[in-house]
>>> print(open('protein-v7.cif').read())   # mmCIF, C-alpha atoms and all ligand atoms
data_final
#
loop_
_atom_site.label_atom_id
_atom_site.label_comp_id
_atom_site.auth_asym_id
_atom_site.auth_seq_id
_atom_site.Cartn_x
_atom_site.Cartn_y
_atom_site.Cartn_z
CA MET A 120 -9.02 16.53 -15.89
CA SER A 121 -11.97 14.94 -17.70
CA GLN A 122 -10.04 11.70 -17.96
CA TYR A 123 -10.19 11.25 -14.16
CA LYS A 124 -13.55 9.63 -13.68
CA TYR A 125 -14.21 6.91 -11.21
CA LEU A 126 -16.56 4.08 -10.41
CA SER A 127 -17.54 3.78 -6.76
CA GLY A 128 -17.50 0.62 -4.65
CA PHE A 129 -15.20 -2.09 -3.34
CA GLY A 130 -14.79 -5.29 -5.33
CA ASN A 131 -17.87 -4.62 -7.42
CA GLU A 132 -18.53 -6.15 -10.82
CA PHE A 133 -17.78 -2.98 -12.79
CA ALA A 134 -18.32 -2.29 -16.47
CA SER A 135 -16.68 0.63 -18.26
CA GLU A 136 -15.98 1.83 -21.76
CA ASP A 137 -14.13 4.87 -23.06
CA SER A 138 -16.77 7.43 -24.06
CA ARG A 139 -15.03 7.85 -27.45
CA CYS A 140 -16.13 4.33 -28.39
CA PRO A 141 -19.73 3.76 -27.30
CA GLY A 142 -20.77 0.13 -27.52
CA SER A 143 -17.19 -1.15 -27.30
CA LEU A 144 -18.09 -3.45 -24.41
CA PRO A 145 -19.64 -6.65 -25.82
CA ALA A 146 -23.24 -6.70 -24.75
CA ASN A 147 -23.76 -10.14 -23.25
CA GLN A 148 -20.66 -12.17 -23.93
CA ASN A 149 -17.04 -12.17 -22.78
CA SER A 150 -15.39 -13.42 -25.93
CA PRO A 151 -17.51 -12.89 -29.04
CA GLN A 152 -16.33 -14.19 -32.39
CA LYS A 153 -15.62 -10.60 -33.36
CA CYS A 154 -15.43 -7.83 -30.76
CA PRO A 155 -16.88 -4.36 -31.43
CA TYR A 156 -14.46 -1.88 -33.07
CA GLY A 157 -12.11 -4.75 -34.04
CA LEU A 158 -10.83 -5.08 -30.48
CA TYR A 159 -9.18 -8.14 -28.96
CA ALA A 160 -10.72 -9.76 -25.87
CA GLU A 161 -8.30 -10.69 -23.06
CA GLN A 162 -9.02 -12.05 -19.61
CA LEU A 163 -6.92 -11.03 -16.60
CA SER A 164 -7.33 -13.56 -13.81
CA GLY A 165 -6.74 -12.48 -10.24
CA SER A 166 -7.72 -15.76 -8.60
CA ALA A 167 -7.80 -19.44 -9.41
CA PHE A 168 -10.72 -20.16 -11.74
CA THR A 169 -12.39 -22.27 -9.08
CA CYS A 170 -12.16 -19.92 -6.09
CA PRO A 171 -15.47 -19.45 -4.28
CA ARG A 172 -17.55 -16.56 -5.55
CA GLU A 173 -16.59 -14.23 -2.68
CA THR A 174 -12.90 -14.47 -3.58
CA ASN A 175 -13.15 -15.07 -7.32
CA LYS A 176 -11.56 -12.22 -9.28
CA ARG A 177 -11.16 -11.62 -12.99
CA SER A 178 -11.67 -8.91 -15.54
CA TRP A 179 -12.16 -8.89 -19.30
CA LEU A 180 -10.21 -6.28 -21.23
CA TYR A 181 -11.15 -5.19 -24.78
CA ARG A 182 -7.99 -3.81 -26.28
CA ILE A 183 -6.42 -2.69 -29.53
CA LEU A 184 -3.71 -5.37 -29.33
CA PRO A 185 -3.40 -8.29 -26.93
CA SER A 186 -0.70 -8.05 -24.24
CA VAL A 187 1.20 -10.94 -25.77
CA LYS A 188 2.48 -8.80 -28.66
CA HIS A 189 5.90 -8.02 -27.21
CA ARG A 190 9.46 -9.27 -27.56
CA ASP A 191 11.29 -11.50 -25.06
CA PHE A 192 11.91 -10.43 -21.50
CA GLU A 193 15.49 -9.72 -20.54
CA LYS A 194 17.04 -8.91 -17.16
CA PHE A 195 16.42 -5.24 -16.35
CA SER A 196 19.32 -3.22 -15.03
CA GLY A 197 17.34 -0.06 -14.21
CA THR A 198 16.58 -0.94 -10.61
CA SER A 199 18.91 -1.46 -7.71
CA HIS A 200 18.16 -2.56 -4.16
CA PHE A 201 14.70 -3.68 -5.24
CA GLY A 202 13.29 -7.18 -5.01
CA ASN A 203 13.64 -10.15 -2.71
CA ILE A 204 16.87 -8.82 -1.24
CA TRP A 205 16.25 -9.21 2.47
CA GLU A 206 19.06 -11.25 3.76
CA ASP A 207 19.77 -13.87 6.33
CA ASN A 208 20.99 -11.33 8.87
CA PRO A 209 18.38 -11.19 11.64
CA LEU A 210 18.13 -7.94 13.57
CA PRO A 211 15.62 -7.87 16.45
CA ASN A 212 16.40 -4.29 17.54
CA GLN A 213 13.83 -1.55 17.46
CA LEU A 214 14.58 0.18 14.15
CA ARG A 215 13.84 3.70 13.07
CA TRP A 216 14.91 5.42 9.88
CA SER A 217 15.26 9.17 9.25
CA PRO A 218 13.33 10.43 6.20
CA PHE A 219 14.48 8.52 3.15
CA ASP A 220 16.36 10.42 0.44
CA ILE A 221 14.65 11.29 -2.78
CA VAL A 222 16.40 9.66 -5.72
CA GLU A 223 16.65 11.37 -9.11
CA GLY A 224 14.85 9.35 -11.74
CA ASP A 225 11.49 7.76 -12.34
CA PHE A 226 9.22 5.64 -10.16
CA ILE A 227 10.83 2.35 -11.16
CA SER A 228 14.44 3.44 -10.78
CA GLY A 229 13.64 4.80 -7.31
CA LEU A 230 12.17 1.64 -5.81
CA ARG A 231 14.06 0.38 -2.73
CA THR A 232 13.18 -2.66 -0.66
CA VAL A 233 13.40 -2.19 3.11
CA CYS A 234 12.23 -5.55 4.44
CA GLY A 235 10.17 -8.58 3.67
CA ALA A 236 9.36 -12.20 4.37
CA GLY A 237 8.31 -15.22 2.41
CA ASP A 238 8.66 -16.05 -1.21
CA PRO A 239 6.69 -15.01 -4.28
CA LYS A 240 7.39 -18.39 -5.84
CA ALA A 241 5.49 -20.08 -3.01
CA ARG A 242 2.83 -17.34 -3.18
CA ASN A 243 3.14 -16.44 0.47
CA GLY A 244 4.77 -13.39 2.00
CA LEU A 245 5.20 -9.68 1.66
CA ALA A 246 7.72 -6.96 0.95
CA ILE A 247 7.87 -3.33 2.03
CA HIS A 248 9.42 -0.81 -0.32
CA ILE A 249 10.15 2.90 -0.36
CA TYR A 250 9.70 4.70 -3.65
CA SER A 251 11.05 8.09 -4.60
CA CYS A 252 11.34 9.88 -7.92
CA THR A 253 11.64 13.22 -9.62
CA LYS A 254 10.36 12.54 -13.14
CA SER A 255 7.62 10.67 -14.92
CA MET A 256 7.94 7.24 -16.52
CA GLU A 257 8.07 7.68 -20.29
CA ASN A 258 6.97 5.06 -22.76
CA SER A 259 7.33 2.43 -20.08
CA ALA A 260 4.97 0.51 -17.84
CA PHE A 261 5.43 -1.80 -14.89
CA TYR A 262 3.57 -4.84 -13.72
CA ASN A 263 4.13 -7.06 -10.73
CA ALA A 264 3.78 -10.78 -11.37
CA ASP A 265 4.56 -11.45 -7.69
CA GLY A 266 1.67 -9.72 -5.98
CA ASP A 267 -0.49 -6.72 -5.23
CA MET A 268 0.94 -3.33 -4.35
CA LEU A 269 -0.68 -0.96 -1.88
CA ILE A 270 0.90 2.42 -2.57
CA VAL A 271 0.98 5.14 0.11
CA PRO A 272 2.10 8.51 -1.32
CA GLN A 273 3.82 10.70 1.27
CA LEU A 274 5.22 13.53 -0.87
CA GLY A 275 3.88 14.52 -4.28
CA ALA A 276 0.90 13.16 -6.17
CA LEU A 277 1.00 10.14 -8.48
CA ASP A 278 -0.64 10.46 -11.87
CA VAL A 279 -1.12 6.76 -12.54
CA THR A 280 -2.10 5.45 -15.96
CA THR A 281 -3.32 1.86 -15.78
CA GLU A 282 -4.76 -0.54 -18.29
CA PHE A 283 -8.12 0.16 -16.64
CA GLY A 284 -7.90 3.95 -16.81
CA LYS A 285 -6.28 6.85 -14.99
CA ILE A 286 -6.01 7.37 -11.24
CA TYR A 287 -4.73 10.52 -9.56
CA VAL A 288 -3.48 9.75 -6.05
CA LYS A 289 -2.44 12.48 -3.62
CA PRO A 290 -0.73 12.12 -0.25
CA ASN A 291 -3.35 11.03 2.30
CA GLU A 292 -4.87 8.83 -0.38
CA ILE A 293 -3.73 5.30 -1.20
CA CYS A 294 -4.09 3.15 -4.26
CA VAL A 295 -3.95 -0.58 -4.80
CA ILE A 296 -2.70 -2.03 -8.08
CA GLN A 297 -3.08 -5.77 -8.18
CA GLN A 298 -0.95 -8.57 -9.55
CA GLY A 299 -0.39 -8.32 -13.28
CA MET A 300 -1.92 -4.91 -13.93
CA ARG A 301 0.25 -2.66 -16.07
CA PHE A 302 0.71 0.90 -14.94
CA SER A 303 2.88 3.94 -15.50
CA VAL A 304 3.50 6.74 -12.99
CA GLY A 305 3.66 10.44 -13.79
CA VAL A 306 4.94 12.89 -11.18
CA GLU A 307 5.77 16.56 -10.75
CA GLY A 308 8.89 17.24 -8.74
CA ASP A 309 10.09 15.45 -5.63
CA THR A 310 7.95 12.42 -4.89
CA ARG A 311 8.16 9.79 -2.16
CA GLY A 312 6.06 7.15 -0.50
CA TYR A 313 5.73 3.62 0.81
CA ILE A 314 4.61 0.36 -0.81
CA LEU A 315 3.22 -2.75 0.81
CA GLU A 316 3.47 -5.71 -1.56
CA VAL A 317 1.68 -8.95 -0.72
CA PHE A 318 2.28 -12.25 -2.48
CA GLY A 319 -0.55 -14.61 -3.08
CA GLY A 320 -3.55 -12.81 -1.60
CA HIS A 321 -5.62 -9.73 -2.24
CA PHE A 322 -6.64 -6.90 0.06
CA GLN A 323 -10.16 -6.94 1.38
CA LEU A 324 -12.18 -4.88 3.80
CA PRO A 325 -12.01 -6.20 7.37
CA ASN A 326 -15.05 -7.91 8.79
CA LEU A 327 -16.98 -5.60 11.10
CA GLY A 328 -18.35 -8.09 13.63
CA PRO A 329 -20.37 -6.36 16.36
CA ILE A 330 -19.64 -2.94 14.79
CA GLY A 331 -22.39 -3.78 12.34
CA ALA A 332 -22.92 -2.86 8.73
CA ASN A 333 -21.24 0.57 8.70
CA GLY A 334 -17.93 2.00 9.76
CA LEU A 335 -14.18 1.98 9.24
CA ALA A 336 -13.56 2.21 5.48
CA ASN A 337 -16.91 2.22 3.73
CA PRO A 338 -17.10 0.40 0.37
CA ARG A 339 -18.56 3.31 -1.58
CA ASP A 340 -15.46 5.44 -0.92
CA PHE A 341 -13.20 3.17 -2.97
CA LEU A 342 -12.78 4.52 -6.50
CA THR A 343 -11.88 2.55 -9.61
CA PRO A 344 -10.97 4.34 -12.87
CA VAL A 345 -13.19 4.36 -15.93
CA ALA A 346 -11.78 2.96 -19.17
CA TRP A 347 -9.31 5.19 -20.99
CA TYR A 348 -7.11 4.29 -23.93
CA GLU A 349 -4.42 5.66 -26.19
CA ASP A 350 -3.78 4.34 -29.70
CA LYS A 351 -0.05 4.93 -29.76
CA GLU A 352 2.66 3.21 -31.77
CA CYS A 353 6.08 3.76 -30.24
CA ASP A 354 9.08 2.02 -28.74
CA PHE A 355 7.60 0.93 -25.42
CA THR A 356 9.17 -0.98 -22.52
CA ILE A 357 7.23 -3.32 -20.26
CA ILE A 358 9.03 -3.83 -16.94
CA ALA A 359 8.04 -6.81 -14.83
CA LYS A 360 8.81 -7.94 -11.31
CA TYR A 361 8.84 -11.72 -11.49
CA GLN A 362 10.04 -14.10 -8.76
CA GLY A 363 11.67 -11.16 -6.99
CA ALA A 364 13.77 -10.09 -9.99
CA THR A 365 13.10 -7.37 -12.56
CA PHE A 366 12.82 -7.92 -16.31
CA ALA A 367 12.04 -5.75 -19.33
CA ALA A 368 10.49 -6.48 -22.71
CA LYS A 369 10.15 -4.19 -25.69
CA GLN A 370 7.01 -3.74 -27.75
CA ASP A 371 5.92 -1.42 -30.51
CA HIS A 372 2.85 0.12 -28.93
CA SER A 373 1.38 1.48 -25.72
CA PRO A 374 -0.21 -1.15 -23.46
CA PHE A 375 -2.77 1.46 -22.37
CA ASP A 376 -4.99 0.49 -25.26
CA VAL A 377 -7.95 -0.97 -23.34
CA VAL A 378 -11.05 0.65 -24.79
CA ALA A 379 -13.53 -1.15 -22.55
CA TRP A 380 -13.42 -3.58 -19.65
CA HIS A 381 -15.66 -5.33 -17.18
CA GLY A 382 -15.04 -7.41 -14.09
CA ASN A 383 -14.26 -7.30 -10.39
CA TYR A 384 -10.45 -7.25 -10.65
CA ALA A 385 -9.42 -3.63 -11.08
CA PRO A 386 -7.20 -1.04 -9.37
CA TYR A 387 -8.69 1.43 -6.90
CA LYS A 388 -7.90 4.37 -4.68
CA TYR A 389 -9.15 5.52 -1.29
CA ASP A 390 -9.04 8.83 0.59
CA LEU A 391 -7.89 8.19 4.16
CA ASP A 392 -9.93 11.17 5.42
CA LYS A 393 -13.06 9.13 4.65
CA PHE A 394 -12.22 6.52 7.29
CA MET A 395 -14.87 6.38 10.02
CA VAL A 396 -12.96 6.08 13.28
CA ILE A 397 -14.29 3.92 16.10
CA ASN A 398 -12.72 3.97 19.53
CA SER A 399 -13.37 3.66 23.26
CA VAL A 400 -15.75 6.25 24.71
CA SER A 401 -15.42 5.01 28.29
CA PHE A 402 -11.99 3.76 29.38
CA ASP A 403 -8.95 1.82 28.09
CA HIS A 404 -7.99 1.11 24.49
CA VAL A 405 -9.59 -0.81 21.71
CA ASP A 406 -6.90 -2.88 19.97
CA PRO A 407 -5.39 -1.09 16.97
CA SER A 408 -7.14 -3.53 14.66
CA ILE A 409 -10.03 -1.06 14.97
CA PHE A 410 -8.05 1.19 12.63
CA THR A 411 -7.68 -1.39 9.83
CA VAL A 412 -8.43 0.01 6.39
CA LEU A 413 -7.60 -3.11 4.37
CA THR A 414 -6.39 -6.58 5.21
CA CYS A 415 -4.75 -9.37 3.25
CA GLN A 416 -5.64 -12.54 5.09
CA SER A 417 -3.60 -15.70 5.48
CA ASN A 418 -5.24 -19.10 5.39
CA THR A 419 -5.61 -19.01 9.20
CA PRO A 420 -8.86 -17.24 10.14
CA GLY A 421 -8.20 -13.80 11.61
CA VAL A 422 -4.46 -13.86 10.89
CA ALA A 423 -3.26 -11.35 8.32
CA ILE A 424 -0.37 -11.61 5.92
CA ALA A 425 -0.60 -7.85 6.21
CA ASP A 426 -3.00 -5.25 7.54
CA PHE A 427 -2.97 -1.62 6.46
CA VAL A 428 -3.82 0.40 9.58
CA ILE A 429 -4.07 4.18 10.02
CA PHE A 430 -4.10 6.55 13.00
CA PRO A 431 -6.30 9.40 11.80
CA PRO A 432 -7.31 12.64 13.51
CA ARG A 433 -9.98 11.85 16.13
CA TRP A 434 -11.34 12.66 19.55
CA SER A 435 -9.75 11.08 22.58
CA VAL A 436 -12.15 10.87 25.50
CA GLN A 437 -11.23 7.87 27.67
CA GLU A 438 -11.37 8.49 31.40
CA HIS A 439 -8.82 7.20 33.98
CA THR A 440 -6.72 5.96 31.07
CA PHE A 441 -3.15 6.26 29.85
CA ARG A 442 -4.19 7.40 26.43
CA PRO A 443 -1.15 7.00 24.16
CA PRO A 444 -0.40 3.53 22.82
CA TYR A 445 0.52 1.33 25.79
CA TYR A 446 3.81 -0.53 26.13
CA HIS A 447 3.58 -3.82 24.35
CA ARG A 448 5.23 -6.81 22.74
CA ASN A 449 3.51 -8.27 19.74
CA CYS A 450 3.48 -11.63 17.99
CA MET A 451 3.17 -9.58 14.80
CA SER A 452 5.69 -7.31 12.98
CA GLU A 453 4.87 -3.60 12.94
CA PHE A 454 6.24 -1.33 10.23
CA MET A 455 5.15 2.28 10.65
CA GLY A 456 5.35 5.34 8.44
CA LEU A 457 4.13 8.91 8.63
CA ILE A 458 2.44 10.72 5.76
CA LYS A 459 2.18 14.12 7.44
CA GLY A 460 2.22 15.86 10.82
CA ASN A 461 3.42 14.31 14.06
CA TYR A 462 2.85 10.84 15.46
CA GLU A 463 1.21 11.13 18.86
CA ALA A 464 3.41 8.58 20.69
CA LYS A 465 6.71 10.16 19.57
CA VAL A 466 6.00 13.85 19.14
CA GLY A 467 8.96 15.41 17.38
CA GLY A 468 10.68 12.02 17.04
CA PHE A 469 8.94 10.72 13.98
CA MET A 470 8.79 12.92 10.91
CA PRO A 471 6.98 12.51 7.58
CA GLY A 472 8.90 10.20 5.28
CA GLN A 473 10.43 8.25 8.15
CA ALA A 474 9.75 4.63 9.07
CA SER A 475 10.12 2.33 12.03
CA LEU A 476 10.06 -1.42 12.44
CA HIS A 477 9.17 -3.07 15.71
CA SER A 478 9.75 -6.73 15.10
CA MET A 479 8.15 -9.81 16.52
CA MET A 480 8.21 -9.69 20.35
CA THR A 481 10.54 -6.68 20.38
CA PRO A 482 9.21 -4.35 23.12
CA HIS A 483 8.21 -0.80 22.33
CA GLY A 484 5.87 1.99 23.36
CA PRO A 485 5.84 5.69 24.19
CA ASP A 486 9.14 7.43 24.78
CA SER A 487 9.89 8.83 28.25
CA ASN A 488 8.61 12.33 27.49
CA CYS A 489 5.34 10.98 26.17
CA PHE A 490 4.95 8.71 29.21
CA GLU A 491 5.55 11.53 31.69
CA GLY A 492 3.21 13.90 29.90
CA ALA A 493 0.35 11.45 29.42
CA SER A 494 0.62 10.10 32.98
CA ASN A 495 0.19 13.53 34.52
CA MET A 496 -2.11 15.34 32.12
CA GLU A 497 -5.59 16.44 33.05
CA LEU A 498 -7.91 14.12 31.14
CA LYS A 499 -10.59 15.84 29.13
CA ALA A 500 -12.08 15.32 25.72
CA GLU A 501 -9.49 16.46 23.21
CA ARG A 502 -8.61 16.21 19.59
CA ILE A 503 -5.52 14.17 18.78
CA ALA A 504 -3.53 13.68 15.62
CA ASP A 505 -5.03 16.71 13.89
CA GLY A 506 -3.10 17.43 10.71
CA SER A 507 -1.30 14.12 10.87
CA MET A 508 -1.62 10.67 9.36
CA ALA A 509 0.50 7.83 10.65
CA PHE A 510 0.03 4.32 9.33
CA MET A 511 1.17 0.80 10.02
CA PHE A 512 1.79 -2.26 7.89
CA GLU A 513 1.26 -5.05 10.40
CA SER A 514 2.15 -8.62 9.49
CA SER A 515 1.97 -12.05 11.04
CA LEU A 516 5.27 -12.81 9.28
CA SER A 517 8.67 -12.09 10.76
CA LEU A 518 10.23 -9.43 8.57
CA ALA A 519 13.89 -9.45 7.59
CA VAL A 520 15.58 -6.16 6.77
CA SER A 521 17.50 -5.76 3.52
CA LYS A 522 21.11 -4.66 3.36
CA TRP A 523 19.81 -1.44 1.86
CA GLY A 524 17.62 -0.92 4.92
CA GLN A 525 20.35 -1.88 7.38
CA GLU A 526 23.33 -0.10 5.83
CA ILE A 527 23.19 1.31 2.35
CA CYS A 528 20.43 3.87 2.85
CA GLN A 529 22.38 5.33 5.81
CA LYS A 530 19.12 6.41 7.46
CA LEU A 531 18.97 3.95 10.32
CA GLN A 532 19.05 5.83 13.63
CA HIS A 533 21.51 3.97 15.79
CA ASP A 534 20.44 5.86 18.92
CA TYR A 535 16.73 5.07 18.67
CA ILE A 536 16.82 2.86 21.76
CA ASN A 537 17.81 5.91 23.81
CA CYS A 538 14.32 7.38 23.57
CA TRP A 539 13.36 4.88 26.27
CA ALA A 540 16.62 5.18 28.27
CA SER A 541 15.32 7.80 30.68
CA LEU A 542 12.24 5.85 31.69
CA LYS A 543 12.54 5.82 35.45
CA LYS A 544 11.31 3.59 38.19
CA ASN A 545 8.18 4.98 39.81
CA PHE A 546 7.49 2.00 42.06
CA THR A 547 6.50 3.24 45.48
CA GLY A 548 7.34 0.00 47.27
CA PRO A 549 5.08 -2.08 49.50
CA ALA A 550 2.77 -0.31 51.90
CA GLU A 551 4.50 0.09 55.25
FE FE2 B 1 3.31 -1.50 18.39
#
>>> encode(input="protein-v7.cif", output="structure tokens")
Amino acid sequence: MSQYKYLSGFGNEFASEDSRCPGSLPANQNSPQKCPYGLYAEQLSGSAFTCPRETNKRSWLYRILPSVKHRDFEKFSGTSHFGNIWEDNPLPNQLRWSPFDIVEGDFISGLRTVCGAGDPKARNGLAIHIYSCTKSMENSAFYNADGDMLIVPQLGALDVTTEFGKIYVKPNEICVIQQGMRFSVGVEGDTRGYILEVFGGHFQLPNLGPIGANGLANPRDFLTPVAWYEDKECDFTIIAKYQGATFAAKQDHSPFDVVAWHGNYAPYKYDLDKFMVINSVSFDHVDPSIFTVLTCQSNTPGVAIADFVIFPPRWSVQEHTFRPPYYHRNCMSEFMGLIKGNYEAKVGGFMPGQASLHSMMTPHGPDSNCFEGASNMELKAERIADGSMAFMFESSLSLAVSKWGQEICQKLQHDYINCWASLKKNFTGPAE
């Protein structure tokens, strides 16, 4: 496991070289006339050149061969139901899916798009995918020209080789692989999870406001891989998602040939157990934004293209309060998933590997059993959500559900609305 070494911090200017080649990182220059060890210098830009410093992202890769040494891209037939395939078939119902099936094959062949909005060509929008697989990618790598991917493993670990090094991501951890970065996924056995893809922006830590300097996801807990390379000549396939379609190009060598790199544009992972939870210690609820791990902001201040929000184990102590999530209608879209355990607002009704979508202004909240229980329980300090990890992708965009999500996957629960059917009228009437 010596190849799994990490650099700590969020968005730092990192510098890393494979320990087999000391001095491979040019000392004080990005593009010297000749690079150490006969390497090629290549810049990977993650922002416009002229973005302000706080959003400017790029890395310099020192590699055995430049990425351009490949043959033409051709349409790739190895994926189905993946891409910009949400259709013009609006569906405002509350939606809930049973656990998604695990598909035989590798990470790329098992990608399925559930819903999305916007357009990668216009660099604005997002897509939500389910992945499942049973075997490792072999002599192939993927990159996404359309946006960043936040990957949430639910079943099985991902052994991810990237151009920047190796990342091992277990369920209850997440990783983010940004636009353009090539990666390959190794797995052992049945593997499943969720992907939030954002077009045009990058994830950042939320501002903390009056919380102060510490709390929620702390920067030092984000881990970026150290440089690792292989010098391998073989028949290799580069698979690309570009403008919502998938392409493949052949080349004669592994793209994981980066011996050294530096910059602030690099993949990372994060352990959700390290999230510092903040909540009400008197009465009522803080808005769920308090659980935001990462956010991808739109150009409107405070409005997210997508937030990644978690509901971790924590103490619940509010007095005189209906403690589960309250009934609500939201001007945002809420896609939820469950990594493990039970979700507190639908105990027994939401299993790991499931998903739900509560669309813009579609009402939702606790089911009748949860309402009855929480309205009559004796309130004392108690642990909630132990052993579980629910999450939400919340978006300011109105998400459309793909045909795969609506029909083909055959996991949509057509009786979901019934979980609220037995809510009864408790109104006592005017005082006599
Ligand atoms: Fe909600």
>>> closest_residue(input="protein-v7.cif", among="A:Arg231, A:Arg215, A:Arg182, A:Arg172", to="His533 of chain A", atoms="all atoms listed in the file")
A:Arg215
>>> residues_near_ligand(input="protein-v7.cif", ligand="ligand FE2 1 (chain B)", cutoff="7 Å", atoms="only C-alpha atoms and all ligand atoms", output="list in words")
His447, Asn449, Glu453, His477, His483 and Gly484 of chain A
>>> closest_residue(input="protein-v7.cif", among="A:Pro344, A:Asp354, A:Gly130, A:Leu476", to="Leu324 of chain A", atoms="all atoms listed in the file")
A:Gly130
>>> closest_residue(input="protein-v7.cif", among="A:Glu282, A:Asp225, A:Glu292, A:Glu307", to="Met256 of chain A", atoms="all atoms listed in the file")
A:Asp225
>>> closest_residue(input="protein-v7.cif", among="A:Gly157, A:Gly128, A:Gly320, A:Gly548", to="Gly142 of chain A", atoms="all atoms listed in the file")
A:Gly157
>>> atom_distance(input="protein-v7.cif", atom1="atom CA of Pro482 of chain A", atom2="atom CA of Arg448 of chain A")
4.7 Å
>>> closest_residue(input="protein-v7.cif", among="A:Pro151, A:Pro420, A:Pro329, A:Pro272", to="Tyr389 of chain A", atoms="all atoms listed in the file")
A:Pro272
>>> axis_aligned_box(input="protein-v7.cif", around="segment 381-390 of chain A", padding_each_side="5 Å", output="JSON")
{"center_x": -11.4, "center_y": 0.7, "center_z": -8.3, "size_x": 18.5, "size_y": 26.2, "size_z": 27.8}
>>> residues_around(input="protein-v7.cif", residues="Ile536 of chain A", least_positions_apart="4", cutoff="10 Å", atoms="all atoms listed in the file", output="PyMOL selection string")
chain A and resi 212-215+483+486+532+540
>>> write_last_selection(input="protein-v7.cif", atoms="C-alpha atoms", output="PDB file, in the coordinates of the input")
ATOM      1  CA  ASN A 212      16.400  -4.290  17.540  1.00  0.00           C
ATOM      2  CA  GLN A 213      13.830  -1.550  17.460  1.00  0.00           C
ATOM      3  CA  LEU A 214      14.580   0.180  14.150  1.00  0.00           C
ATOM      4  CA  ARG A 215      13.840   3.700  13.070  1.00  0.00           C
ATOM      5  CA  HIS A 483       8.210  -0.800  22.330  1.00  0.00           C
ATOM      6  CA  ASP A 486       9.140   7.430  24.780  1.00  0.00           C
ATOM      7  CA  GLN A 532      19.050   5.830  13.630  1.00  0.00           C
ATOM      8  CA  ALA A 540      16.620   5.180  28.270  1.00  0.00           C
TER       9      ALA A 540
END
>>> residues_around(input="protein-v7.cif", residues="segment 274-276 of chain A", least_positions_apart="6", cutoff="12 Å", atoms="only C-alpha atoms", output="VMD selection string")
chain A and resid 218 to 221 226 249 to 255 286 to 294 304 to 313 457 to 459 471 to 473
>>> closest_residue(input="protein-v7.cif", among="A:Val520, A:Ser178, A:Tyr445, A:Pro185", to="Leu158 of chain A", atoms="all atoms listed in the file")
A:Pro185
>>> atom_distance(input="protein-v7.cif", atom1="atom CA of Leu184 of chain A", atom2="atom CA of His372 of chain A")
8.6 Å
>>> atom_distance(input="protein-v7.cif", atom1="atom CA of Thr414 of chain A", atom2="atom CA of Ala379 of chain A")
29.2 Å
>>> residues_around(input="protein-v7.cif", residues="Leu163 of chain A", least_positions_apart="5", cutoff="8 Å", atoms="all atoms listed in the file", output="list in words")
Arg177, Ser178, Trp179, Leu180, Gly299 and Tyr384 of chain A
>>> residues_around(input="protein-v7.cif", residues="Phe318 of chain A", least_positions_apart="3", cutoff="9 Å", atoms="all atoms listed in the file", output="count of residues only")
16
>>> residues_around(input="protein-v7.cif", residues="Tyr156 of chain A", least_positions_apart="5", cutoff="9 Å", atoms="all atoms listed in the file", output="NGL selection string")
:A and (140 or 142-143 or 183)
